[in-house]
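K.L.:
Got a structure for you, written out below as C-alpha coordinates; questions coming shortly.
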Amino acid sequence: MTGQTWTWARLEPAHLALVEETERAIGADFVVVYAPGDPRRDLPASLPLEPYPLTDAQVEQLRSLEAKVGGVAVAYRKLD
(Lines give C-alpha, C1' and ligand atoms only; values in the text may rest on other atoms or scores of the structure.)
Protein backbone atom coordinates (compact mmCIF):
# COMPACT_ATOMS: atom_id res chain seq x y z
CA MET A 1 0.00 0.00 0.00
CA THR A 2 2.96 2.28 -0.39
CA GLY A 3 1.84 5.63 -1.71
CA GLN A 4 -1.83 4.71 -1.44
CA THR A 5 -4.15 7.58 -0.55
CA TRP A 6 -7.31 6.88 1.45
CA THR A 7 -10.36 9.09 1.43
CA TRP A 8 -14.05 8.88 2.22
CA ALA A 9 -15.66 6.11 0.21
CA ARG A 10 -18.34 7.05 -2.29
CA LEU A 11 -21.35 5.09 -1.11
CA GLU A 12 -24.69 4.37 -2.71
CA PRO A 13 -27.84 5.24 -0.73
CA ALA A 14 -28.34 1.60 0.29
CA HIS A 15 -24.80 1.49 1.67
CA LEU A 16 -25.32 4.76 3.55
CA ALA A 17 -28.35 3.18 5.19
CA LEU A 18 -26.15 0.27 6.30
CA VAL A 19 -23.62 2.71 7.77
CA GLU A 20 -26.36 4.51 9.71
CA GLU A 21 -27.73 1.17 10.93
CA THR A 22 -24.27 0.19 12.14
CA GLU A 23 -23.83 3.53 13.95
CA ARG A 24 -27.04 2.92 15.87
CA ALA A 25 -26.24 -0.73 16.56
CA ILE A 26 -22.83 -0.06 18.11
CA GLY A 27 -23.67 3.32 19.66
CA ALA A 28 -20.98 5.31 17.85
CA ASP A 29 -21.52 8.95 16.92
CA PHE A 30 -20.15 8.28 13.45
CA VAL A 31 -19.01 5.37 11.33
CA VAL A 32 -16.86 6.50 8.43
CA VAL A 33 -16.01 4.27 5.49
CA TYR A 34 -12.69 4.85 3.76
CA ALA A 35 -11.51 3.59 0.38
CA PRO A 36 -8.46 4.12 -1.81
CA GLY A 37 -8.98 7.37 -3.62
CA ASP A 38 -7.75 10.32 -5.57
CA PRO A 39 -4.87 12.05 -3.77
CA ARG A 40 -6.34 15.41 -4.81
CA ARG A 41 -9.46 14.66 -2.73
CA ASP A 42 -7.98 15.36 0.70
CA LEU A 43 -9.63 14.77 4.04
CA PRO A 44 -9.81 17.63 6.55
CA ALA A 45 -6.63 17.91 8.60
CA SER A 46 -8.45 17.87 11.91
CA LEU A 47 -11.84 16.68 13.07
CA PRO A 48 -13.17 16.87 16.67
CA LEU A 49 -13.45 13.08 16.84
CA GLU A 50 -11.67 10.20 18.49
CA PRO A 51 -11.86 6.46 17.86
CA TYR A 52 -14.85 4.83 19.51
CA PRO A 53 -13.89 2.05 21.96
CA LEU A 54 -15.26 -1.22 20.61
CA THR A 55 -16.03 -4.64 22.00
CA ASP A 56 -15.16 -7.72 19.98
CA ALA A 57 -18.81 -7.99 18.91
CA GLN A 58 -18.80 -4.38 17.69
CA VAL A 59 -15.60 -4.98 15.72
CA GLU A 60 -17.35 -7.89 14.01
CA GLN A 61 -20.25 -5.57 13.11
CA LEU A 62 -17.79 -3.17 11.48
CA ARG A 63 -16.15 -6.02 9.59
CA SER A 64 -19.55 -7.14 8.34
CA LEU A 65 -20.26 -3.59 7.15
CA GLU A 66 -16.87 -3.47 5.39
CA ALA A 67 -17.68 -6.64 3.47
CA LYS A 68 -21.00 -5.19 2.34
CA VAL A 69 -19.79 -1.74 1.27
CA GLY A 70 -16.26 -2.52 0.07
CA GLY A 71 -14.27 -0.17 2.29
CA VAL A 72 -12.64 0.17 5.67
CA ALA A 73 -15.07 1.23 8.42
CA VAL A 74 -13.94 3.17 11.47
CA ALA A 75 -16.18 4.13 14.41
CA TYR A 76 -15.74 7.55 16.05
CA ARG A 77 -17.19 9.51 18.91
CA LYS A 78 -17.30 13.28 19.30
CA LEU A 79 -14.72 14.89 21.52
CA ASP A 80 -16.31 16.59 24.51
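Chain lettering (A, B, ...) mirrors the order of the C-alpha coordinates, residue numbering begins at 1 for each chain separately, and ligand numbering begins at 1 in order of display.
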Can you list, as a PyMOL selection string, every protein, DNA or RNA residue that comes within 7 Å of region 72-77 of chain A when you count only C-alpha atoms, leaving out same-chain residues fewer than 3 positions away?

P.N.:
chain A and resi 28-35+49-52+62+66

K.L.:
Step one, run DSSP on the backbone; step two, keep only residues of chain A assigned to alpha helix (DSSP H); then write them as a PyMOL selection string.

P.N.:
chain A and resi 13-26+56-69

K.L.:
How about saving the chosen residues, N, CA and C atoms kept, as a short mmCIF file (atom, residue, chain, number, x, y, z; two decimals), in the first residue's frame?

P.N.:
```
data_model
loop_
_atom_site.label_atom_id
_atom_site.label_comp_id
_atom_site.auth_asym_id
_atom_site.auth_seq_id
_atom_site.Cartn_x
_atom_site.Cartn_y
_atom_site.Cartn_z
N PRO A 13 -26.87 5.04 -1.81
CA PRO A 13 -27.84 5.24 -0.73
C PRO A 13 -28.09 3.99 0.12
N ALA A 14 -28.13 2.83 -0.48
CA ALA A 14 -28.34 1.60 0.29
C ALA A 14 -27.18 1.34 1.24
N HIS A 15 -25.97 1.67 0.81
CA HIS A 15 -24.80 1.49 1.67
C HIS A 15 -24.79 2.52 2.79
N LEU A 16 -25.22 3.74 2.49
CA LEU A 16 -25.32 4.76 3.55
C LEU A 16 -26.30 4.32 4.63
N ALA A 17 -27.38 3.69 4.22
CA ALA A 17 -28.35 3.18 5.19
C ALA A 17 -27.71 2.12 6.08
N LEU A 18 -26.85 1.27 5.51
CA LEU A 18 -26.15 0.27 6.30
C LEU A 18 -25.18 0.91 7.29
N VAL A 19 -24.53 1.99 6.88
CA VAL A 19 -23.62 2.71 7.77
C VAL A 19 -24.41 3.29 8.94
N GLU A 20 -25.54 3.93 8.65
CA GLU A 20 -26.36 4.51 9.71
C GLU A 20 -26.88 3.43 10.66
N GLU A 21 -27.27 2.30 10.12
CA GLU A 21 -27.73 1.17 10.93
C GLU A 21 -26.62 0.69 11.86
N THR A 22 -25.41 0.63 11.34
CA THR A 22 -24.27 0.19 12.14
C THR A 22 -23.96 1.20 13.24
N GLU A 23 -24.03 2.50 12.93
CA GLU A 23 -23.83 3.53 13.95
C GLU A 23 -24.77 3.33 15.13
N ARG A 24 -26.05 3.13 14.81
CA ARG A 24 -27.04 2.92 15.87
C ARG A 24 -26.77 1.63 16.64
N ALA A 25 -26.43 0.58 15.93
CA ALA A 25 -26.24 -0.73 16.56
C ALA A 25 -25.07 -0.73 17.54
N ILE A 26 -23.99 -0.04 17.21
CA ILE A 26 -22.83 -0.06 18.11
C ILE A 26 -22.78 1.15 19.05
N ASP A 56 -15.40 -6.77 21.08
CA ASP A 56 -15.16 -7.72 19.98
C ASP A 56 -16.39 -7.85 19.09
N ALA A 57 -17.57 -7.87 19.69
CA ALA A 57 -18.81 -7.99 18.91
C ALA A 57 -19.01 -6.77 18.00
N GLN A 58 -18.67 -5.59 18.49
CA GLN A 58 -18.80 -4.38 17.69
C GLN A 58 -17.80 -4.37 16.53
N VAL A 59 -16.60 -4.87 16.79
CA VAL A 59 -15.60 -4.98 15.72
C VAL A 59 -16.14 -5.90 14.62
N GLU A 60 -16.77 -6.97 15.00
CA GLU A 60 -17.35 -7.89 14.01
C GLU A 60 -18.45 -7.20 13.20
N GLN A 61 -19.23 -6.32 13.84
CA GLN A 61 -20.25 -5.57 13.11
C GLN A 61 -19.61 -4.66 12.07
N LEU A 62 -18.49 -4.02 12.45
CA LEU A 62 -17.79 -3.17 11.48
C LEU A 62 -17.23 -4.00 10.33
N ARG A 63 -16.69 -5.15 10.64
CA ARG A 63 -16.15 -6.02 9.59
C ARG A 63 -17.25 -6.48 8.63
N SER A 64 -18.41 -6.76 9.17
CA SER A 64 -19.55 -7.14 8.34
C SER A 64 -19.94 -5.99 7.42
N LEU A 65 -19.96 -4.78 7.96
CA LEU A 65 -20.26 -3.59 7.15
C LEU A 65 -19.22 -3.44 6.04
N GLU A 66 -17.95 -3.60 6.38
CA GLU A 66 -16.87 -3.47 5.39
C GLU A 66 -17.08 -4.43 4.23
N ALA A 67 -17.46 -5.65 4.53
CA ALA A 67 -17.68 -6.64 3.47
C ALA A 67 -18.83 -6.24 2.56
N LYS A 68 -19.83 -5.58 3.12
CA LYS A 68 -21.00 -5.19 2.34
C LYS A 68 -20.76 -3.95 1.48
N VAL A 69 -19.96 -3.00 1.99
CA VAL A 69 -19.79 -1.74 1.27
C VAL A 69 -18.47 -1.62 0.53
#
```

K.L.:
When you count only C-alpha atoms, which of these residues is closest to Lys78 (chain A): A:Gly37, A:Glu12, A:Pro48, A:Trp6?

P.N.:
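Checking each candidate against Lys78 (chain A), we get A:Pro48 as the closest.
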
K.L.:
Nearest to Ala9 (chain A) among A:Ser46, A:Thr55, A:Gly27, A:Gly71, with distances taken over only C-alpha atoms: which residue is it?

P.N.:
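Smallest distance to Ala9 (chain A) is found for A:Gly71.
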